[in-house]
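Note sheet for the following structure.
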Amino acid sequence: MDTLFVSMAVIIAGGAAGLLLCRQFTLMKLVAIATTSVGCGIGLLFTVPKLLSGGAELAVTYNWLHVFTLAFKLDSVSLFFLIPIFLVPPLTLLYSFHYLENKDKKLRVGVSYFFFSVLVASMALVVMADNMITFLLAWELMSLSSFFLVMYDYEVYENRKAGYLYLIFAQGGAMLLFATFALIYRHTGSFDFASFASIPDASKLLVFILAFLGFGSKAGIFPLHIWLPKAHPAAPSHVSAIMSGVMIKMGIYGIFRIYLLLDAPTPVIGQIVLATGMVTGILGVVYALAKQDIKQLLAYSSVENIGIILIGLGIGMVGVSEQNQAMAFFGFAGALLHVFNHSIFKSLLFMGAGSVLHKAKTKNIEELGGLMKRMPVTGRTFLAGSVAISGLPPFSGFIGEFLIYYGAFQGLSSQNLPYIMTILAIVSLAVIGGLATACFTKVVGLGFLGEPRTAQAANAKESGFAMGFVMSIMALACLVIGVLPEPFVRLAFLGIQDVPAAAGFNTDSFIVIIQHISKTAALFIGLLLLVSLFRKMMYVKKEIGSGPTWGCGFTQPTVRMQYTGTSYAAEMIGFFKPFVPVKTVYTGIRKIFPGKTTWESEVVDIAESNYQLRLITPMLTLLGKLRWIQHGNIQLYIGYIIVAIIVLLLFL
Amino acid sequence: MESILSFCFAVLIAPLLPAVIQKVKAYFAGKQGPPLLINYYTTIKLFKKGSVYSTSTSFVFKMGPVVGFTTSLMMLLFFPMGEVSPLLSFHGDVLILFYLMGLGRFFTILAALDTSSPFEGMGAAREAFFSTLAEATVFCILILFFRLTGSLSFNEFFSGPHAMNLMGEYGALLILVVVGLYIVMLTENSRVPVDDPATHLELTMIHEVMILDHSGPDLALIEMGAWFKLLFYSGFLARIIDPFHSENVIVNALLFYAVVIFVYVTVGVVESITARYKMNLVPKFILTPFILVFFVTILTMGVLQ
């Protein structure tokens, strides 16, 4: 355990070095990146062997300020979540070397590296925490450090707004967590996590729901997701990568942890998680399809993947309440594996989007196109990431989804409600997969292929070496996990070895299936190479012409005539109309000699518009009526304070 | 050995069968129709040609046909054609295979978008949409089959004590599945009434418009991939319908292919007597089998107590 604290100290030292050396721009970047990466490396070197050896749980406690006890404990779930926490940051930091190039913002870059290291360390603390105080301290540290990272470009009004929205959701979620812990504390009188199971069964459901909402606002469950599509475009791309790839998974960790701690027998919990997962997954991907801003689209796609992970967890929980061990095992294992896989391909995609934004100066799909030829490394790695995130073999996304599917199919032997829920889960996964394919063919097909739609896109060049190198590694990782999934599946199995419901399950027959999957993927790649070779042979000594695309008889096409992202998605969006409303503004033609007219359409996030309509507006009206309290008279403010103290002392 | 022969036979016969559809359509139109071997001639002709590539395209455009062809070939490797066990089979293969089909679609769509032609973009958008809807039905069928047979592999669906067959134990439940699967087949293979490759206007096509810019061997690969896919789906249907069973392997295979040809003939009949639906009706048409099969999966709660 001490090794982990050492690694955290090194990570923080790296960030602090960034802060101290900020006058020497390049040196600062090098030192900060190298030191933080070394810290993460130490962490990984401890975590992975520990998980593989399946050693006993570790626990330590420290006294802090004589009042609080800081307790840390490591079980297999914590260890598993530590892997992406230590694995992704070094890669994103390496990427940032060429991404943060503006020497005029020296200090800001230094501060950014500092908060980055704090974020990494606090995430590690979150999964290690073993009592309420430790957990909440780490949780708040994580929320605040990521808030400062989002605010990197604070001059832009939109970014400030996004940052504040994130802060509201982070702190609102934290408040729910405080409420959860307070409820538990009332029953047990102890800060210890281990005491959670002893609260009466009747309160467990309420406690879980509160915690689920609190953690869900961090993970981005529907309808608490609206900060994601605002904060991710605002943050620098390597920060979006770490936030989307790793930080929102802390919400998932929290949900899983509180579920395990409560040890609640009620089946409703599993059904709530499963249903939320389905809604989150489907609506997330439909909104992703509707967005034209690549980073916004990726943010919604994170919402979708959180949905898939929740479906996995939900399948596992339903399996536990149905006493179906296979279902529980594969549901939980699939969810964990998808957490790991998503942390890689989502980071990759955000970095790709950042690379595009860096060179083409826009992240709007409608203004891109033809980047595959201009940015070959970014284009190819983005393509690999897109195949992976669509859950298609032979890439990594498929493996996690396969485990979840497998768990869900095991649940088909149930009856009544669990049976229907399982069917719906499988069908939702299939539909999510299909829509994700549509969504990512849209990004790749319209953003990277075809002809450039603007001069900026036409003049884009490949990004710096560090960025391309990192993205290539991650794309390769997606392929390797897809073709040789066995060690990673075993890792996920080890990750849930300390979960009571999964303990003692024999996985031998499933490992055989995974080996078959691996062989099938290899066979597919082999066949693909053979067919490519055959195709090459067919073209030997043939006449290969080139000319413009055939325009069905039309001879003077312009790039503006290409299909757009909006039109590509229009039909599918229309299908989900009541949930995904499209707002159109048309000024119309009113005079006999019409002037200039405009038409615009925008997909409205139904959660956001409902908050606006039903929550924010009434609240503002109500609070506006109380404005007289804030009059600006200092004497009266002091009066308020005295009254408050008297009330607190005498009456409470 | 039998498996290898069966696979080779399936690959060889795949181009012949679509000609049956053309013959049936010609018969309905009072024409003579092309010769039965037309697709072999076309393939050889296409392989002899070179290609013209649009200057807009990149390597993805050339990958489209290769990936599409390979994924279709994979289906034949895993499907028990002619009631002979397939070359490869394992518990869980249906999931990876349907996802591999998704991969084929992914690259076909990308290849279409790579040409930067608005027509191909439109076709790509429709393909992405309609196949997503069809996917829901396919997975519902898998759920049902898993519930009835406890297996997740094509080979196991059709062997063992609970083999999925209309004449078998759960035949009554399978009637609706046959209808559903038939509609999925029409959708996934771009047949009338979902898609009409023979219309005069590119705007009204789905699959055919996506491959406008492909030529020569690339086009041949796409066509062959489409034939394999159609053979897979009609083989799937035929295994469920096929009422005959004999001890002799060859007789069995012949009977199986007779049923397959019957499926092709019905496709020809459907194409002759119906027109393509208006685009806004197509989603409703594709969702019909989903409702049917979903209903059947609910029914199993009563059947399997």
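Order determines the names: the first chain of the structure tokens is A, the second B, and so forth; residues in each chain are numbered 1 upward, and ligands are numbered 1 upward as they are shown.
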
For this session: Please return as a PyMOL selection string: the residues of region 84-258 of chain B that backbone DSSP assigns to alpha helix (DSSP H).
Result: chain B and resi 93-114+118-149+154-157+171-188+207-210+216-241+249-258

Could the residues in this selection be written to a file with C-alpha atoms, as a tab-separated table (two decimals), in the first residue's frame?
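Wrote it out as part_25.tsv, contents follow:
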chain	number	residue	atom	x	y	z
B	93	ASP	CA	-20.53	-17.59	-32.43
B	94	VAL	CA	-23.83	-15.97	-33.45
B	95	LEU	CA	-22.95	-12.84	-31.49
B	96	ILE	CA	-19.56	-12.30	-33.09
B	97	LEU	CA	-20.94	-13.15	-36.54
B	98	PHE	CA	-23.78	-10.65	-36.47
B	99	TYR	CA	-21.34	-8.08	-35.17
B	100	LEU	CA	-18.95	-8.93	-37.98
B	101	MET	CA	-21.80	-8.21	-40.39
B	102	GLY	CA	-22.03	-4.88	-38.62
B	103	LEU	CA	-18.35	-4.35	-39.36
B	104	GLY	CA	-18.99	-5.07	-43.03
B	105	ARG	CA	-21.77	-2.51	-43.00
B	106	PHE	CA	-19.53	0.00	-41.21
B	107	PHE	CA	-16.99	-0.11	-44.01
B	108	THR	CA	-19.55	-0.21	-46.81
B	109	ILE	CA	-21.04	2.99	-45.39
B	110	LEU	CA	-17.63	4.60	-45.03
B	111	ALA	CA	-16.71	3.67	-48.60
B	112	ALA	CA	-19.93	5.29	-49.79
B	113	LEU	CA	-19.28	8.47	-47.80
B	114	ASP	CA	-15.70	8.54	-49.06
B	118	PRO	CA	-24.65	13.24	-52.03
B	119	PHE	CA	-26.49	10.28	-53.53
B	120	GLU	CA	-24.21	7.79	-51.83
B	121	GLY	CA	-24.45	9.71	-48.57
B	122	MET	CA	-28.21	9.42	-48.71
B	123	GLY	CA	-28.02	5.69	-49.34
B	124	ALA	CA	-25.53	5.32	-46.50
B	125	ALA	CA	-27.81	7.12	-44.04
B	126	ARG	CA	-30.70	4.85	-44.94
B	127	GLU	CA	-28.60	1.72	-44.72
B	128	ALA	CA	-27.38	2.72	-41.26
B	129	PHE	CA	-30.92	3.42	-40.08
B	130	PHE	CA	-32.74	0.41	-41.49
B	131	SER	CA	-30.13	-2.12	-40.50
B	132	THR	CA	-30.22	-0.84	-36.92
B	133	LEU	CA	-33.93	-1.54	-36.86
B	134	ALA	CA	-33.40	-4.98	-38.37
B	135	GLU	CA	-30.74	-5.69	-35.76
B	136	ALA	CA	-33.36	-5.48	-32.99
B	137	THR	CA	-35.34	-8.27	-34.68
B	138	VAL	CA	-32.27	-10.42	-35.20
B	139	PHE	CA	-31.36	-10.22	-31.53
B	140	CYS	CA	-34.93	-10.98	-30.54
B	141	ILE	CA	-34.70	-14.14	-32.64
B	142	LEU	CA	-31.44	-15.04	-30.93
B	143	ILE	CA	-33.08	-14.51	-27.53
B	144	LEU	CA	-35.92	-16.82	-28.51
B	145	PHE	CA	-33.60	-19.50	-29.86
B	146	PHE	CA	-31.44	-19.31	-26.78
B	147	ARG	CA	-34.48	-19.66	-24.58
B	148	LEU	CA	-35.65	-22.71	-26.53
B	149	THR	CA	-32.36	-24.48	-27.19
B	154	PHE	CA	-25.87	-21.66	-35.50
B	155	ASN	CA	-24.92	-25.29	-35.48
B	156	GLU	CA	-26.50	-25.97	-32.10
B	157	PHE	CA	-29.69	-24.16	-33.04
B	171	GLY	CA	-43.04	-25.36	-34.43
B	172	ALA	CA	-46.05	-23.23	-33.62
B	173	LEU	CA	-43.87	-20.53	-32.09
B	174	LEU	CA	-41.60	-20.54	-35.09
B	175	ILE	CA	-44.27	-19.59	-37.62
B	176	LEU	CA	-44.02	-15.95	-36.57
B	177	VAL	CA	-40.23	-16.21	-36.51
B	178	VAL	CA	-40.25	-17.37	-40.13
B	179	VAL	CA	-42.30	-14.34	-41.10
B	180	GLY	CA	-40.00	-12.08	-39.12
B	181	LEU	CA	-36.83	-13.57	-40.49
B	182	TYR	CA	-38.17	-13.32	-44.02
B	183	ILE	CA	-38.71	-9.58	-43.61
B	184	VAL	CA	-35.25	-9.21	-42.08
B	185	MET	CA	-33.85	-11.07	-45.08
B	186	LEU	CA	-35.58	-8.69	-47.48
B	187	THR	CA	-34.25	-5.71	-45.50
B	188	GLU	CA	-30.68	-6.85	-45.06
B	207	HIS	CA	-27.77	-0.31	-51.22
B	208	GLU	CA	-27.29	0.00	-54.95
B	209	VAL	CA	-26.61	3.72	-54.78
B	210	MET	CA	-23.90	3.16	-52.18
B	216	GLY	CA	-14.11	-3.87	-61.80
B	217	PRO	CA	-12.87	-6.45	-59.27
B	218	ASP	CA	-14.03	-4.22	-56.38
B	219	LEU	CA	-17.58	-4.38	-57.67
B	220	ALA	CA	-17.24	-8.14	-58.17
B	221	LEU	CA	-16.25	-8.56	-54.52
B	222	ILE	CA	-19.23	-6.49	-53.40
B	223	GLU	CA	-21.62	-8.51	-55.56
B	224	MET	CA	-20.23	-11.81	-54.31
B	225	GLY	CA	-20.48	-10.63	-50.72
B	226	ALA	CA	-24.15	-9.77	-51.35
B	227	TRP	CA	-24.81	-13.24	-52.81
B	228	PHE	CA	-23.21	-14.95	-49.83
B	229	LYS	CA	-25.27	-12.85	-47.47
B	230	LEU	CA	-28.50	-13.69	-49.29
B	231	LEU	CA	-27.56	-17.37	-49.27
B	232	PHE	CA	-26.86	-17.20	-45.53
B	233	TYR	CA	-30.23	-15.63	-44.74
B	234	SER	CA	-32.20	-17.95	-46.98
B	235	GLY	CA	-30.24	-20.89	-45.58
B	236	PHE	CA	-31.21	-19.72	-42.09
B	237	LEU	CA	-34.85	-19.65	-43.17
B	238	ALA	CA	-34.57	-22.97	-44.97
B	239	ARG	CA	-33.17	-24.72	-41.90
B	240	ILE	CA	-36.24	-23.62	-39.96
B	241	ILE	CA	-38.74	-24.51	-42.69
B	249	VAL	CA	-26.09	-36.76	-46.22
B	250	ILE	CA	-26.34	-36.03	-49.93
B	251	VAL	CA	-30.10	-36.44	-50.09
B	252	ASN	CA	-30.36	-34.18	-47.06
B	253	ALA	CA	-28.22	-31.52	-48.69
B	254	LEU	CA	-30.23	-31.71	-51.90
B	255	LEU	CA	-33.49	-31.38	-50.00
B	256	PHE	CA	-32.04	-28.42	-48.11
B	257	TYR	CA	-31.04	-26.65	-51.30
B	258	ALA	CA	-34.47	-27.38	-52.77

Problem set entry | region 147-159 of chain A environment, 6 Å, only C-alpha atoms, sequence neighbours closer than 6 positions dropped, as a PyMOL selection string | chain A and resi 112+234-235

For those residues, write C-alpha atoms to a file as a PDB file, in the first residue's frame.
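Result file result-v8.pdb:
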ATOM      1  CA  SER A 112      -3.035  22.875 -15.605  1.00  0.00           C
ATOM      2  CA  ALA A 234     -14.698  23.505 -23.203  1.00  0.00           C
ATOM      3  CA  ALA A 235     -11.797  21.575 -21.702  1.00  0.00           C
TER       4      ALA A 235
END

Please find the residues of chain A near chain B - the criterion being any atom within 6 Å, counting only C-alpha atoms - and write them as a tab-separated table (two decimals) with N, CA and C atoms, in the first residue's frame.
chain	number	residue	atom	x	y	z
A	392	LEU	N	-17.53	-3.25	-32.50
A	392	LEU	CA	-17.40	-4.21	-33.59
A	392	LEU	C	-16.11	-5.00	-33.45
A	427	VAL	N	-31.97	-6.33	-26.36
A	427	VAL	CA	-32.40	-5.57	-27.53
A	427	VAL	C	-31.82	-4.16	-27.49
A	430	ALA	N	-28.33	-4.21	-28.65
A	430	ALA	CA	-28.25	-4.35	-30.10
A	430	ALA	C	-28.54	-3.02	-30.79
A	431	VAL	N	-29.59	-2.33	-30.31
A	431	VAL	CA	-29.95	-1.06	-30.94
A	431	VAL	C	-28.87	-0.02	-30.69
A	434	GLY	N	-26.13	-0.65	-33.13
A	434	GLY	CA	-26.46	-0.19	-34.49
A	434	GLY	C	-26.36	1.32	-34.60
A	438	ALA	N	-23.93	3.96	-36.74
A	438	ALA	CA	-24.39	5.10	-37.53
A	438	ALA	C	-23.67	6.37	-37.09
A	445	GLY	N	-16.93	9.23	-41.68
A	445	GLY	CA	-17.29	9.38	-43.09
A	445	GLY	C	-17.41	10.82	-43.52
A	449	LEU	N	-13.49	11.68	-44.31
A	449	LEU	CA	-13.47	11.22	-45.70
A	449	LEU	C	-14.13	12.27	-46.59
A	450	GLY	N	-14.18	11.96	-47.88
A	450	GLY	CA	-14.80	12.90	-48.81
A	450	GLY	C	-13.89	14.09	-49.08
A	451	GLU	N	-14.51	15.20	-49.47
A	451	GLU	CA	-13.76	16.41	-49.80
A	451	GLU	C	-13.86	17.42	-48.66
A	528	LEU	N	-9.08	-11.47	-44.26
A	528	LEU	CA	-9.09	-10.12	-44.82
A	528	LEU	C	-7.81	-9.85	-45.59
A	542	LYS	N	-3.40	-3.92	-64.64
A	542	LYS	CA	-4.70	-3.42	-65.11
A	542	LYS	C	-4.60	-1.91	-65.25
A	543	GLU	N	-5.52	-1.41	-66.04
A	543	GLU	CA	-5.57	0.03	-66.19
A	543	GLU	C	-6.37	0.62	-65.03
A	544	ILE	N	-5.73	1.49	-64.27
A	544	ILE	CA	-6.41	2.13	-63.14
A	544	ILE	C	-6.59	3.60	-63.46
A	545	GLY	N	-7.84	4.00	-63.63
A	545	GLY	CA	-8.08	5.39	-63.96
A	545	GLY	C	-8.45	6.18	-62.73
A	546	SER	N	-8.43	7.49	-62.86
A	546	SER	CA	-8.98	8.29	-61.76
A	546	SER	C	-9.72	9.47	-62.37
A	547	GLY	N	-10.75	9.87	-61.69
A	547	GLY	CA	-11.56	10.97	-62.19
A	547	GLY	C	-12.45	11.46	-61.09
A	548	PRO	N	-13.33	12.38	-61.38
A	548	PRO	CA	-14.23	12.86	-60.34
A	548	PRO	C	-15.28	11.80	-60.01
A	549	THR	N	-15.86	11.94	-58.81
A	549	THR	CA	-16.95	11.05	-58.42
A	549	THR	C	-18.09	11.19	-59.41
A	562	GLN	N	-21.96	17.90	-50.81
A	562	GLN	CA	-21.81	16.63	-50.08
A	562	GLN	C	-22.89	16.49	-49.03
A	563	TYR	N	-23.14	15.24	-48.68
A	563	TYR	CA	-24.11	15.00	-47.62
A	563	TYR	C	-23.58	15.61	-46.32
A	568	TYR	N	-27.49	13.38	-42.63
A	568	TYR	CA	-27.20	11.97	-42.41
A	568	TYR	C	-28.02	11.44	-41.23

May I have all residues of region 375-581 of chain A that DSSP, computed from the backbone, assigns to strand (DSSP E or B), given as a PDB file with N, CA and C atoms, in the first residue's frame?
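out.pdb, freshly written:
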ATOM      1  N   ILE A 544      -5.732   1.494 -64.267  1.00  0.00           N
ATOM      2  CA  ILE A 544      -6.414   2.125 -63.139  1.00  0.00           C
ATOM      3  C   ILE A 544      -6.595   3.598 -63.465  1.00  0.00           C
ATOM      4  N   GLY A 545      -7.842   3.995 -63.628  1.00  0.00           N
ATOM      5  CA  GLY A 545      -8.081   5.391 -63.958  1.00  0.00           C
ATOM      6  C   GLY A 545      -8.446   6.179 -62.732  1.00  0.00           C
ATOM      7  N   SER A 546      -8.434   7.491 -62.856  1.00  0.00           N
ATOM      8  CA  SER A 546      -8.985   8.288 -61.764  1.00  0.00           C
ATOM      9  C   SER A 546      -9.723   9.469 -62.370  1.00  0.00           C
ATOM     10  N   GLY A 547     -10.754   9.870 -61.688  1.00  0.00           N
ATOM     11  CA  GLY A 547     -11.565  10.966 -62.190  1.00  0.00           C
ATOM     12  C   GLY A 547     -12.450  11.461 -61.085  1.00  0.00           C
TER      13      GLY A 547
END

For this session: Write out as a list in words which residues come within 8 Å of Ala425 (chain A) when counting only C-alpha atoms, dropping same-chain ones fewer than 2 positions away.
Result: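 Once the nearby chain positions are removed, what remains is Leu274, Met278, Ile311, Ala408, Met421, Thr422, Ile423, Val427, Ser428 and Leu429 of chain A.
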
Exercise. By how many Å are CA of Leu94 (chain A) and CA of Phe448 (chain A) apart?
Worked result: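 Calculated distance between CA of Leu94 (chain A) and CA of Phe448 (chain A) is 24.0 Å.
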
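Of the listed residues (B:Val267, B:Leu76, B:Met167, B:Leu292), B:Val267 comes nearest to Lys23 (chain B); the distances count only C-alpha atoms.
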
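The list of residues with at least one atom within 12 Å of Ile168 (chain A), based on only C-alpha atoms and without residues fewer than 2 positions apart in the same chain, reads Ser143, Leu144, Phe147, Lys161, Ala162, Gly163, Tyr164, Leu165, Tyr166, Ala170, Gln171, Gly172, Gly173, Ala174, Met175, Ser217, Lys218, Leu224, Ile226, Trp227 and Ala231 of chain A.
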
Taking C-alpha atoms for each residue, export the selection above as a PDB file, in the first residue's frame.
ATOM      1  CA  SER A 143     -14.320  17.423  -8.508  1.00  0.00           C
ATOM      2  CA  LEU A 144     -12.499  20.667  -7.781  1.00  0.00           C
ATOM      3  CA  PHE A 147     -13.231  21.961 -12.454  1.00  0.00           C
ATOM      4  CA  LYS A 161     -20.556  28.797 -18.307  1.00  0.00           C
ATOM      5  CA  ALA A 162     -19.694  25.159 -18.967  1.00  0.00           C
ATOM      6  CA  GLY A 163     -17.314  25.141 -16.018  1.00  0.00           C
ATOM      7  CA  TYR A 164     -19.940  26.526 -13.652  1.00  0.00           C
ATOM      8  CA  LEU A 165     -22.506  24.039 -14.898  1.00  0.00           C
ATOM      9  CA  TYR A 166     -20.030  21.266 -14.195  1.00  0.00           C
ATOM     10  CA  ALA A 170     -20.420  18.030  -9.222  1.00  0.00           C
ATOM     11  CA  GLN A 171     -21.413  19.772  -5.998  1.00  0.00           C
ATOM     12  CA  GLY A 172     -25.073  18.843  -6.322  1.00  0.00           C
ATOM     13  CA  GLY A 173     -23.996  15.242  -6.660  1.00  0.00           C
ATOM     14  CA  ALA A 174     -21.670  15.596  -3.709  1.00  0.00           C
ATOM     15  CA  MET A 175     -24.545  16.994  -1.646  1.00  0.00           C
ATOM     16  CA  SER A 217     -24.405  13.011 -11.792  1.00  0.00           C
ATOM     17  CA  LYS A 218     -20.678  12.358 -12.009  1.00  0.00           C
ATOM     18  CA  LEU A 224     -28.078  14.150 -15.039  1.00  0.00           C
ATOM     19  CA  ILE A 226     -26.110  17.702 -19.271  1.00  0.00           C
ATOM     20  CA  TRP A 227     -22.773  18.943 -17.959  1.00  0.00           C
ATOM     21  CA  ALA A 231     -17.709  20.658 -20.207  1.00  0.00           C
TER      22      ALA A 231
END
